[in-house]
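Structure data (mmCIF, C-alpha atoms and all ligand atoms) from my_file.cif:
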```cif
data_coords
#
loop_
_atom_site.label_atom_id
_atom_site.label_comp_id
_atom_site.auth_asym_id
_atom_site.auth_seq_id
_atom_site.Cartn_x
_atom_site.Cartn_y
_atom_site.Cartn_z
CA MET A 1 15.39 -70.94 -0.56
CA ARG A 2 16.68 -70.78 3.00
CA ALA A 3 14.95 -68.56 5.48
CA SER A 4 15.77 -66.96 8.79
CA SER A 5 13.53 -65.39 11.36
CA ASN A 6 14.36 -62.15 13.12
CA HIS A 7 13.59 -61.37 16.73
CA HIS A 8 9.97 -60.49 15.81
CA GLY A 9 9.58 -63.98 14.44
CA TYR A 10 9.16 -62.74 10.87
CA ILE A 11 10.43 -65.22 8.32
CA PHE A 12 12.54 -63.66 5.58
CA PRO A 13 14.51 -65.26 2.77
CA MET A 14 18.31 -65.17 2.81
CA THR A 15 20.35 -64.33 -0.24
CA ASP A 16 21.89 -67.47 -1.75
CA GLN A 17 25.65 -67.62 -1.27
CA TYR A 18 28.23 -68.64 -3.88
CA ALA A 19 31.98 -68.12 -4.17
CA VAL A 20 35.13 -69.00 -6.06
CA ILE A 21 37.82 -70.85 -4.11
CA GLY A 22 41.46 -70.97 -5.17
CA ASN A 23 44.97 -70.07 -4.05
CA PRO A 24 45.87 -67.37 -4.95
CA ILE A 25 42.43 -65.83 -5.42
CA GLU A 26 42.67 -62.05 -5.03
CA HIS A 27 42.85 -61.36 -8.78
CA SER A 28 39.93 -63.59 -9.73
CA LYS A 29 37.39 -61.89 -11.98
CA SER A 30 34.67 -64.42 -11.18
CA PRO A 31 32.92 -62.29 -8.50
CA LEU A 32 32.64 -59.44 -11.01
CA ILE A 33 31.31 -61.75 -13.72
CA HIS A 34 28.71 -63.44 -11.52
CA ALA A 35 27.58 -60.11 -10.06
CA ALA A 36 26.98 -58.89 -13.62
CA PHE A 37 25.05 -62.09 -14.47
CA ALA A 38 22.93 -61.75 -11.30
CA ARG A 39 22.07 -58.12 -12.06
CA GLN A 40 21.23 -58.92 -15.64
CA THR A 41 18.93 -61.85 -14.80
CA GLY A 42 17.49 -60.42 -11.57
CA GLN A 43 18.77 -63.27 -9.40
CA ASP A 44 19.03 -62.70 -5.65
CA MET A 45 22.48 -64.10 -4.90
CA HIS A 46 25.86 -63.11 -3.58
CA TYR A 47 29.15 -64.38 -5.02
CA GLY A 48 32.39 -63.96 -3.07
CA ARG A 49 36.02 -65.00 -3.06
CA LEU A 50 37.57 -67.65 -0.80
CA LEU A 51 41.29 -68.15 -0.30
CA GLY A 52 41.55 -71.92 0.06
CA ASP A 53 44.13 -73.31 2.46
CA LEU A 54 46.60 -75.51 0.57
CA GLU A 55 46.46 -78.14 3.34
CA GLU A 56 42.85 -77.74 4.43
CA PHE A 57 40.89 -77.22 1.21
CA GLU A 58 38.25 -79.80 2.22
CA ALA A 59 37.72 -78.18 5.62
CA ASP A 60 37.27 -74.80 3.93
CA VAL A 61 34.60 -76.24 1.66
CA ASP A 62 32.90 -77.97 4.62
CA GLU A 63 32.73 -74.65 6.41
CA PHE A 64 31.21 -72.91 3.39
CA VAL A 65 28.58 -75.65 3.10
CA ASP A 66 27.83 -75.57 6.82
CA GLY A 67 27.26 -71.83 6.51
CA GLY A 68 24.55 -72.54 3.96
CA GLY A 69 26.60 -71.97 0.78
CA LYS A 70 24.86 -73.13 -2.42
CA GLY A 71 27.74 -73.50 -4.82
CA LEU A 72 31.44 -72.98 -5.43
CA ASN A 73 33.60 -72.43 -8.44
CA VAL A 74 36.96 -74.08 -7.95
CA THR A 75 40.18 -72.88 -9.50
CA VAL A 76 43.91 -73.58 -9.38
CA PRO A 77 45.19 -75.62 -7.57
CA PHE A 78 42.09 -77.35 -6.21
CA LYS A 79 40.21 -78.79 -9.22
CA GLU A 80 41.42 -82.36 -8.67
CA ARG A 81 40.61 -82.17 -4.96
CA ALA A 82 37.14 -80.85 -5.75
CA PHE A 83 36.74 -83.84 -8.06
CA ARG A 84 37.42 -86.13 -5.10
CA TYR A 85 35.25 -84.06 -2.76
CA ALA A 86 32.11 -84.44 -4.88
CA ASP A 87 29.57 -87.23 -4.15
CA THR A 88 28.30 -87.31 -7.73
CA LEU A 89 29.95 -86.22 -10.98
CA SER A 90 28.80 -85.15 -14.43
CA ASP A 91 30.19 -87.10 -17.39
CA ARG A 92 32.29 -84.15 -18.46
CA ALA A 93 33.78 -83.80 -14.96
CA ARG A 94 34.59 -87.50 -14.91
CA ALA A 95 36.24 -87.24 -18.34
CA ALA A 96 38.28 -84.24 -17.21
CA GLY A 97 39.27 -85.77 -13.86
CA ALA A 98 38.71 -82.29 -12.46
CA VAL A 99 35.82 -80.20 -11.13
CA ASN A 100 35.41 -76.43 -11.41
CA THR A 101 31.78 -76.25 -10.25
CA LEU A 102 30.41 -77.68 -7.00
CA THR A 103 26.70 -77.56 -6.20
CA PHE A 104 25.48 -78.26 -2.67
CA GLY A 105 21.98 -79.62 -2.43
CA ASP A 106 19.80 -82.13 -0.64
CA GLY A 107 21.25 -84.87 -2.85
CA GLY A 108 24.80 -84.17 -1.62
CA VAL A 109 27.67 -82.50 -3.42
CA HIS A 110 27.57 -82.52 -7.22
CA GLY A 111 30.73 -81.87 -9.25
CA ASP A 112 30.76 -80.58 -12.82
CA ASN A 113 33.34 -79.10 -15.18
CA THR A 114 32.33 -76.16 -17.37
CA ASP A 115 35.79 -75.24 -18.70
CA GLY A 116 35.56 -77.24 -21.91
CA VAL A 117 32.13 -76.04 -22.88
CA GLY A 118 33.33 -72.51 -22.05
CA LEU A 119 36.22 -72.80 -24.51
CA VAL A 120 34.08 -74.38 -27.22
CA ARG A 121 31.29 -71.78 -26.90
CA ASP A 122 33.76 -68.92 -27.02
CA LEU A 123 35.40 -70.31 -30.15
CA THR A 124 32.27 -71.39 -31.99
CA CYS A 125 29.50 -69.02 -30.82
CA ASN A 126 31.39 -65.81 -30.00
CA GLN A 127 34.26 -66.01 -32.48
CA MET A 128 32.57 -68.12 -35.17
CA PHE A 129 35.52 -70.47 -35.59
CA ARG A 130 34.53 -73.74 -37.21
CA ILE A 131 36.26 -76.55 -35.30
CA GLU A 132 34.64 -79.26 -37.36
CA GLY A 133 37.20 -80.61 -39.82
CA ALA A 134 39.94 -78.27 -38.58
CA ASN A 135 43.50 -79.31 -37.81
CA VAL A 136 43.89 -78.42 -34.13
CA LEU A 137 47.03 -78.32 -31.98
CA LEU A 138 46.49 -78.42 -28.24
CA LEU A 139 49.59 -77.46 -26.23
CA GLY A 140 50.09 -78.94 -22.75
CA ALA A 141 48.92 -82.07 -21.00
CA GLY A 142 47.99 -80.87 -17.51
CA GLY A 143 44.66 -80.19 -15.88
CA ALA A 144 43.77 -77.32 -18.19
CA VAL A 145 44.09 -79.53 -21.27
CA ARG A 146 42.31 -82.51 -19.69
CA GLY A 147 39.38 -80.21 -18.92
CA VAL A 148 38.80 -79.19 -22.53
CA LEU A 149 39.80 -82.30 -24.46
CA ARG A 150 36.45 -84.07 -24.64
CA PRO A 151 34.30 -81.03 -25.44
CA LEU A 152 36.77 -80.12 -28.22
CA LEU A 153 36.53 -83.63 -29.66
CA GLY A 154 32.74 -83.30 -29.54
CA GLU A 155 33.10 -80.58 -32.22
CA ARG A 156 34.71 -83.17 -34.52
CA PRO A 157 38.04 -81.60 -35.51
CA GLY A 158 39.69 -83.27 -38.51
CA LYS A 159 42.76 -83.88 -36.39
CA LEU A 160 43.67 -83.00 -32.83
CA VAL A 161 47.32 -83.18 -31.83
CA ILE A 162 48.18 -82.89 -28.15
CA ALA A 163 51.79 -81.75 -27.81
CA ASN A 164 53.57 -81.40 -24.50
CA ARG A 165 57.10 -80.57 -23.31
CA THR A 166 57.06 -83.95 -21.56
CA ALA A 167 55.95 -86.14 -24.47
CA ASP A 168 54.84 -89.10 -22.33
CA LYS A 169 52.02 -87.14 -20.76
CA ALA A 170 50.65 -86.11 -24.16
CA LEU A 171 50.89 -89.70 -25.38
CA SER A 172 48.95 -91.11 -22.45
CA LEU A 173 46.28 -88.39 -22.68
CA ALA A 174 45.86 -89.13 -26.37
CA ALA A 175 45.68 -92.86 -25.71
CA ALA A 176 43.08 -92.35 -22.97
CA ALA A 177 40.96 -90.25 -25.33
CA GLY A 178 40.74 -93.33 -27.54
CA HIS A 179 39.71 -91.36 -30.62
CA VAL A 180 40.98 -91.81 -34.18
CA ALA A 181 41.44 -88.07 -34.70
CA VAL A 182 43.72 -87.67 -31.66
CA MET A 183 47.45 -88.15 -31.38
CA GLY A 184 50.00 -87.12 -28.79
CA CYS A 185 53.64 -86.07 -29.17
CA GLY A 186 56.43 -83.93 -27.75
CA LEU A 187 56.77 -80.22 -28.59
CA ASP A 188 59.97 -81.14 -30.41
CA GLU A 189 58.11 -83.47 -32.79
CA LEU A 190 55.94 -80.81 -34.45
CA GLY A 191 58.32 -79.96 -37.30
CA GLY A 192 56.65 -79.92 -40.71
CA ARG A 193 53.08 -79.87 -39.39
CA ARG A 194 50.58 -77.03 -39.93
CA PHE A 195 47.53 -76.24 -37.85
CA ASP A 196 44.39 -74.15 -38.39
CA LEU A 197 44.04 -73.53 -34.67
CA ILE A 198 46.68 -73.66 -31.93
CA ILE A 199 45.33 -73.64 -28.37
CA ASN A 200 47.75 -72.97 -25.54
CA GLY A 201 46.81 -74.89 -22.41
CA THR A 202 50.27 -74.87 -20.82
CA ALA A 203 51.27 -72.98 -17.70
CA ALA A 204 54.19 -71.33 -19.57
CA GLY A 205 52.34 -68.01 -19.77
CA LEU A 206 52.31 -67.68 -15.99
CA ALA A 207 56.06 -67.09 -16.30
CA ALA A 208 55.52 -64.89 -19.41
CA LYS A 209 56.92 -67.70 -21.59
CA VAL A 210 55.57 -69.56 -24.61
CA PRO A 211 55.98 -73.28 -25.29
CA GLU A 212 58.81 -73.96 -27.72
CA ILE A 213 57.03 -74.75 -30.96
CA PRO A 214 58.25 -74.35 -34.55
CA ASP A 215 57.86 -70.85 -36.05
CA ASP A 216 55.98 -72.22 -39.05
CA CYS A 217 53.36 -74.50 -37.46
CA LEU A 218 50.44 -72.13 -37.99
CA ALA A 219 48.65 -72.66 -41.32
CA ASP A 220 47.86 -69.66 -43.54
CA GLY A 221 44.81 -67.98 -42.04
CA GLY A 222 45.25 -70.01 -38.84
CA TRP A 223 44.16 -68.79 -35.40
CA THR A 224 45.78 -68.94 -31.99
CA TYR A 225 43.94 -69.16 -28.67
CA ASP A 226 45.50 -68.75 -25.24
CA MET A 227 43.44 -70.28 -22.44
CA LEU A 228 45.11 -67.77 -20.17
CA TYR A 229 43.73 -64.28 -19.72
CA ALA A 230 45.51 -61.19 -18.45
CA ASN A 231 44.85 -57.46 -18.69
CA GLU A 232 47.79 -57.13 -21.07
CA PRO A 233 48.23 -59.31 -24.21
CA THR A 234 49.62 -62.63 -22.99
CA ALA A 235 52.93 -64.05 -24.23
CA PHE A 236 51.07 -66.52 -26.46
CA VAL A 237 48.79 -63.83 -27.91
CA GLN A 238 51.97 -61.97 -28.82
CA TRP A 239 53.39 -65.15 -30.35
CA GLY A 240 50.25 -65.48 -32.50
CA LEU A 241 50.38 -61.86 -33.62
CA SER A 242 54.04 -62.11 -34.59
CA HIS A 243 53.53 -65.42 -36.44
CA GLY A 244 50.78 -64.28 -38.80
CA ALA A 245 47.68 -65.49 -36.93
CA ALA A 246 44.45 -64.28 -38.52
CA ARG A 247 43.12 -64.00 -34.95
CA ALA A 248 45.15 -64.24 -31.72
CA LEU A 249 42.64 -64.67 -28.91
CA ASP A 250 43.09 -64.80 -25.17
CA GLY A 251 41.01 -66.67 -22.59
CA LEU A 252 38.65 -63.89 -21.52
CA GLY A 253 35.73 -65.28 -23.52
CA MET A 254 36.35 -68.76 -22.12
CA LEU A 255 36.44 -67.37 -18.58
CA VAL A 256 33.07 -65.67 -19.02
CA GLU A 257 31.52 -68.65 -20.83
CA GLN A 258 32.58 -71.20 -18.18
CA ALA A 259 31.12 -68.86 -15.56
CA ALA A 260 27.87 -68.60 -17.51
CA GLU A 261 27.53 -72.37 -17.64
CA SER A 262 28.10 -72.61 -13.86
CA PHE A 263 25.51 -69.86 -13.36
CA ARG A 264 23.05 -71.78 -15.53
CA LEU A 265 23.62 -74.96 -13.51
CA TRP A 266 22.99 -73.13 -10.24
CA ARG A 267 20.21 -70.71 -11.21
CA GLY A 268 18.55 -72.38 -14.18
CA VAL A 269 18.94 -69.32 -16.39
CA MET A 270 21.58 -68.62 -19.04
CA PRO A 271 22.99 -65.09 -18.85
CA ASP A 272 23.97 -62.97 -21.86
CA THR A 273 27.75 -63.30 -22.01
CA ALA A 274 28.51 -60.84 -24.83
CA ALA A 275 27.71 -57.76 -22.75
CA VAL A 276 29.89 -59.00 -19.88
CA ILE A 277 32.83 -59.85 -22.16
CA THR A 278 32.63 -56.38 -23.72
CA SER A 279 32.57 -54.58 -20.39
CA LEU A 280 35.46 -56.63 -18.96
CA ARG A 281 37.47 -56.01 -22.10
CA ALA A 282 36.87 -52.28 -21.74
CA GLY A 283 38.30 -52.61 -18.20
P1 LIG B 1 47.39 -77.00 -15.26
O1 LIG B 1 46.47 -77.68 -14.30
O2 LIG B 1 47.32 -75.49 -15.24
O3 LIG B 1 47.30 -77.53 -16.64
P2 LIG B 1 49.72 -78.59 -14.70
O4 LIG B 1 48.87 -79.78 -14.54
O5 LIG B 1 50.83 -78.34 -13.75
O6 LIG B 1 48.86 -77.26 -14.66
O7 LIG B 1 50.28 -78.59 -16.19
C1 LIG B 1 51.10 -77.58 -16.65
C2 LIG B 1 51.33 -77.80 -18.14
O8 LIG B 1 52.08 -76.70 -18.67
C3 LIG B 1 52.13 -79.04 -18.43
O9 LIG B 1 51.68 -79.57 -19.66
C4 LIG B 1 53.57 -78.48 -18.54
O10 LIG B 1 54.44 -79.29 -19.30
P3 LIG B 1 55.20 -80.54 -18.61
O11 LIG B 1 54.17 -81.63 -18.50
O12 LIG B 1 56.30 -80.88 -19.55
O13 LIG B 1 55.67 -80.05 -17.27
C5 LIG B 1 53.28 -77.20 -19.26
N1 LIG B 1 54.33 -76.19 -19.10
C6 LIG B 1 54.63 -75.46 -18.01
N2 LIG B 1 55.63 -74.59 -18.28
C7 LIG B 1 55.97 -74.77 -19.58
C8 LIG B 1 56.92 -74.17 -20.45
N3 LIG B 1 57.74 -73.20 -20.05
N4 LIG B 1 56.97 -74.61 -21.74
C9 LIG B 1 56.16 -75.59 -22.17
N5 LIG B 1 55.23 -76.20 -21.39
C10 LIG B 1 55.13 -75.80 -20.11
#
```
Now, as a test, write the supplied structure out as structure tokens.
Amino acid sequence: MRASSNHHGYIFPMTDQYAVIGNPIEHSKSPLIHAAFARQTGQDMHYGRLLGDLEEFEADVDEFVDGGGKGLNVTVPFKERAFRYADTLSDRARAAGAVNTLTFGDGGVHGDNTDGVGLVRDLTCNQMFRIEGANVLLLGAGGAVRGVLRPLLGERPGKLVIANRTADKALSLAAAAGHVAVMGCGLDELGGRRFDLIINGTAAGLAAKVPEIPDDCLADGGWTYDMLYANEPTAFVQWGLSHGAARALDGLGMLVEQAAESFRLWRGVMPDTAAVITSLRAG
């Protein structure tokens, strides 16, 4: 714990500082989530919001560290730059090629990625979906998909198809995964296939669009999961509901779970996520 002395010379501890950095950042729910975790677990910390400069991201992080900051969550579009900024990396960050959690300590800057474990915990622990043996379709081949690929494979799906508008990117991601259950293809090559779970990791939803996939690619009783979260049902949640999904989930649970894993890394205590998900859902 850092300490400061006041003009009487008394030493008093300073509240540990954390923040989320991104651009844009004003709508981030992370400060709300971490404040709830801190209250719940009695941790003395403050978690703010930083608008990162698109040119000067590294300088912004330097400044936060120089001011005594303990950790940062990193969001769009800086996850790859945070990966390069870190001195040391977790295996899952290395596999993702992206960092969403930076920890500043005596040993330097450590980079981790909690997105994948956040998705997997939401699906398996909160929603009780059994990934093991399931036929899973993962849409997209950008940073969001790279972040969750390895943790998903760790749950041993029967098959995992990565499909992307630009087929090449899906093919190279699948090849890099080097796993018998994984294959890559273009969105236009999905005809005739059925999936138990379709996860949307594309950026299409940001423009209120859905990736162009066949109407009949969801198996009977299949689920859909949008990694995106918004206050209103996202375009892909609506796609799931109108295509017979047994459950059409959005990314709120993933958002809270990835935050919880970051909180655990920083504070050494795992918060209760269910209460926070419920209160955010209630608005
Ligand atoms: P992120 O880091 O959020 O994943 P990204 O790396 O820019 O962002 O990747 C965006 C992903 O969304 C890509 O897979 C992109 O497909 P392309 O590789 O073909 O560009 C996908 N995407 C974006 N808009 C889309 C749309 N309207 N339909 C389908 N896929 C879309």
(request) Produce as a PyMOL selection string the set of residues near ligand LIG 1 (chain B), where near means within 10 Å with all atoms listed in the file considered. (result) chain A and resi 75-80+98+139-147+162-170+186-187+200-213+227-228
(message) List as a ChimeraX atom specification the protein and nucleic acid residues near segment 257-269 of chain A, meaning an atom at most 6 Å away when all atoms listed in the file are counted, but skip any in the same chain fewer than 5 places from it.
(response) /A:114-115,118
(request) Mind giving me the straight-line distance from atom CA of Arg194 of chain A to atom CA of Ala95 of chain A in Å, one decimal? (result) 27.9 Å
(request) Between atom CA of Tyr85 of chain A and atom CA of Gly111 of chain A, measure the distance and give it in Å to one decimal. (result) 8.2 Å
(request) Using all atoms listed in the file, find all polymer residues with an atom at most 9 Å away from the point (36.6, -78.4, -25.8); report them as a list in words. (result)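 Here the neighbourhood of the point contains Asp115, Gly116, Val117, Gly118, Leu119, Val120, Arg121, Val145, Gly147, Val148, Leu149, Arg150, Pro151, Leu152, Leu153, Gly154 and Glu155 of chain A.
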(request) Go through A:Gly251, A:Gly244, A:Pro24, A:Gly105 one by one, measure the shortest atom-to-atom distance of each to Ile199 of chain A using only C-alpha atoms, and give the residue with the smallest value. (result)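 Ranking A:Gly251, A:Gly244, A:Pro24, A:Gly105 by distance to Ile199 of chain A, first place goes to A:Gly251.
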